[in-house]
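Colleague: Provided herewith is a single structure, encoded as structure tokens, for subsequent inquiry.
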Amino acid sequence: AVNRAKRNIKALLDIRPDQVNVLREGSEKTLNPAEVNTGETIRVKPGEKVALDGELLSENASFNTAALTGESKPDTKYKGEAILAGMINLNTVADIRVTAAFKDSKLSKILEMVQDATARKSQTQLFISRFAKVYTPIVFLLALAVCLVPYFVVEDYNFNTWFYRALVFLVISCPCALVVSIPLGYFGGIGLASRNGILFKGGNFLDVMTGIDTVVMDKTGTLTKGVFKVQKIVAVEISEAALVQVAAALERNSTHPVGKAVVEYAGNVTGSATDVEEIAGHGLKGTVEGKSVLAGNLKLMRKFNVGFPPDVEQVIDTIVVVAIDGKFAGYITIADEIKEDAAETIKRLHAMNIKTVMLSGDKQSVVDQVAKTIAIDAAYGDLLPEGKVEKVQALKDQGKKLAFVGDGVNDAPVVALADAGIAMGGLGSDATIETADVVIQNDQPSKIVSAIKIGKITRQIVWQNIILAMVVKVIVLILGAGGVATLWEAVIADVGVALLAILNAVRIQKMNV
């Protein structure tokens, strides 16, 4: 557990830059982030990671905030807004005034949370390790008693006879069936899970999954694909195809992922745009085939006094509104796609009386829409990593036994804090995969249900073996102590029970979930 925690921390450290460009005495110097003082100005070039928390001095810049929020949609920041360590600058050179030392940055706090959460996480021990501590000395003392106690209570005491019975007692009491079949049962469960694309990092986590009553999930990458696509097109006095072509002609001059989604949807863009102007925080303005075109958000429409229907303001998804020659022409909605098996997963979890909760760094309106679509019990948006930790801790304080499913670096603290941490292994970050107890290799949320079922199947088989072994052993122990069972019968009973238990354990791998 200690080594795993160290690897988790190393994986998180790997995403922090080891050097930063600082503006000192009129020149740009490259230093270690730990050497930079608060109040100094650092310069972050396109593609570079921000090493320190600060305040944006440039007019505007776009950042990939996935390391902190887990959301793949870039966030455009404006002068005076807070910039956090771990963000990646996307398009322009950004000057940032440092507001927190390297050790106090948001990303450093994520590291601390992983350490704290891992320390608080209880370790489940397998039944056999606890049972053996009590069982072994007891049966040895009982065998000794079988040999010596009759000397004081039997008139014609014969040492050889009672010593033989004690040997029979010791042979049948040998815990081979338990020692071999119980670990084999867990190995079988791990094998069944692997066959279904699920990696359990230990047999004890199979036990943990059987007691889960709440499943908490991240949104992007867990329940949704993390890829932005055009969802809906509404055109006014123009065909949908024409609206998309006009918007794409303008949007292909933008590097924003929303614009890229429109261009990708349009396919072969036939028109071309001239006099293109990007209006920060609003959208684009330009000329397409001699017509003045606006494409952006509702603020852009208001800025140019373009009227639009009131219901457009009620659209929850990210929206690209288009105006042609000063008149509203329609809009295109862009959204992340929900995974095909997400709704079915929630339905199956509810059928198992398991509560479902979604936590996300995305805006609350988008989170609510996804939650409504897949019928999840509770959903919380606008959360940074510490917000997710607070929500999970609150559920644990209510006595819930929960599993958390996530994929981003920002999910690592909550994955470590949960009773069972589950990582999406296909697209998940290395830190989260390393921290997790269970890894779903193909990113299908339906495997969460499979993991719980496999845990329950394994526990059922293991307890079948325990009961079978103990019942047979108790019967033969009594017969052996009474002189009815022979040494050979004891050996056959011990080996027979072990063989039956092993065959029962191997049966796990043949099951379907």
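Order determines the names: the first chain of the structure tokens is A, the second B, and so forth; residues in each chain are numbered 1 upward, and ligands are numbered 1 upward as they are shown.
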If we count only C-alpha atoms and set the cut-off at 12 Å, which residues sit around A:Gly482, ignoring sequence neighbours fewer than 5 positions away in its own chain? Please answer as a PyMOL selection string.

Modeller: chain A and resi 146-147+150+161-162+164-166+168-169+475-477

Colleague: List as an MDAnalysis selection string the protein and nucleic acid residues near A:His282, meaning an atom at most 8 Å away when only C-alpha atoms are counted, but skip any in the same chain fewer than 6 places from it.

Modeller: chainID A and resid 296:300

Colleague: Report as CSV the residues of stretch 247-301 of chain A within 10 Å of stretch 217-236 of chain A, each with its shortest atom pair and distance in Å (one decimal), using only C-alpha atoms, ordered by chain and increasing residue number.

Modeller:
```
residue,atom,partner,partner_atom,distance
A:Pro257,CA,A:Phe228,CA,7.6
A:Val258,CA,A:Phe228,CA,7.3
A:Lys260,CA,A:Phe228,CA,9.1
A:Ala261,CA,A:Lys229,CA,5.6
A:Val262,CA,A:Val230,CA,6.5
A:Val263,CA,A:Val230,CA,9.7
A:Glu264,CA,A:Lys229,CA,8.5
A:Tyr265,CA,A:Val230,CA,6.6
A:Ala266,CA,A:Val230,CA,9.6
```

Colleague: Which is closer to A:Pro74 than all the others in A:Ile172, A:Ala94, A:Asp362, A:Ala100, using only C-alpha atoms?

Modeller: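 With only C-alpha atoms as the atom set, the closest residue is A:Asp362.
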
Colleague: A:Gly387, A:Gly189, A:Pro445, A:Gly86: which is nearest A:Met511, counting only C-alpha atoms?

Modeller: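 Checking each candidate against A:Met511, we get A:Gly189 as the closest.
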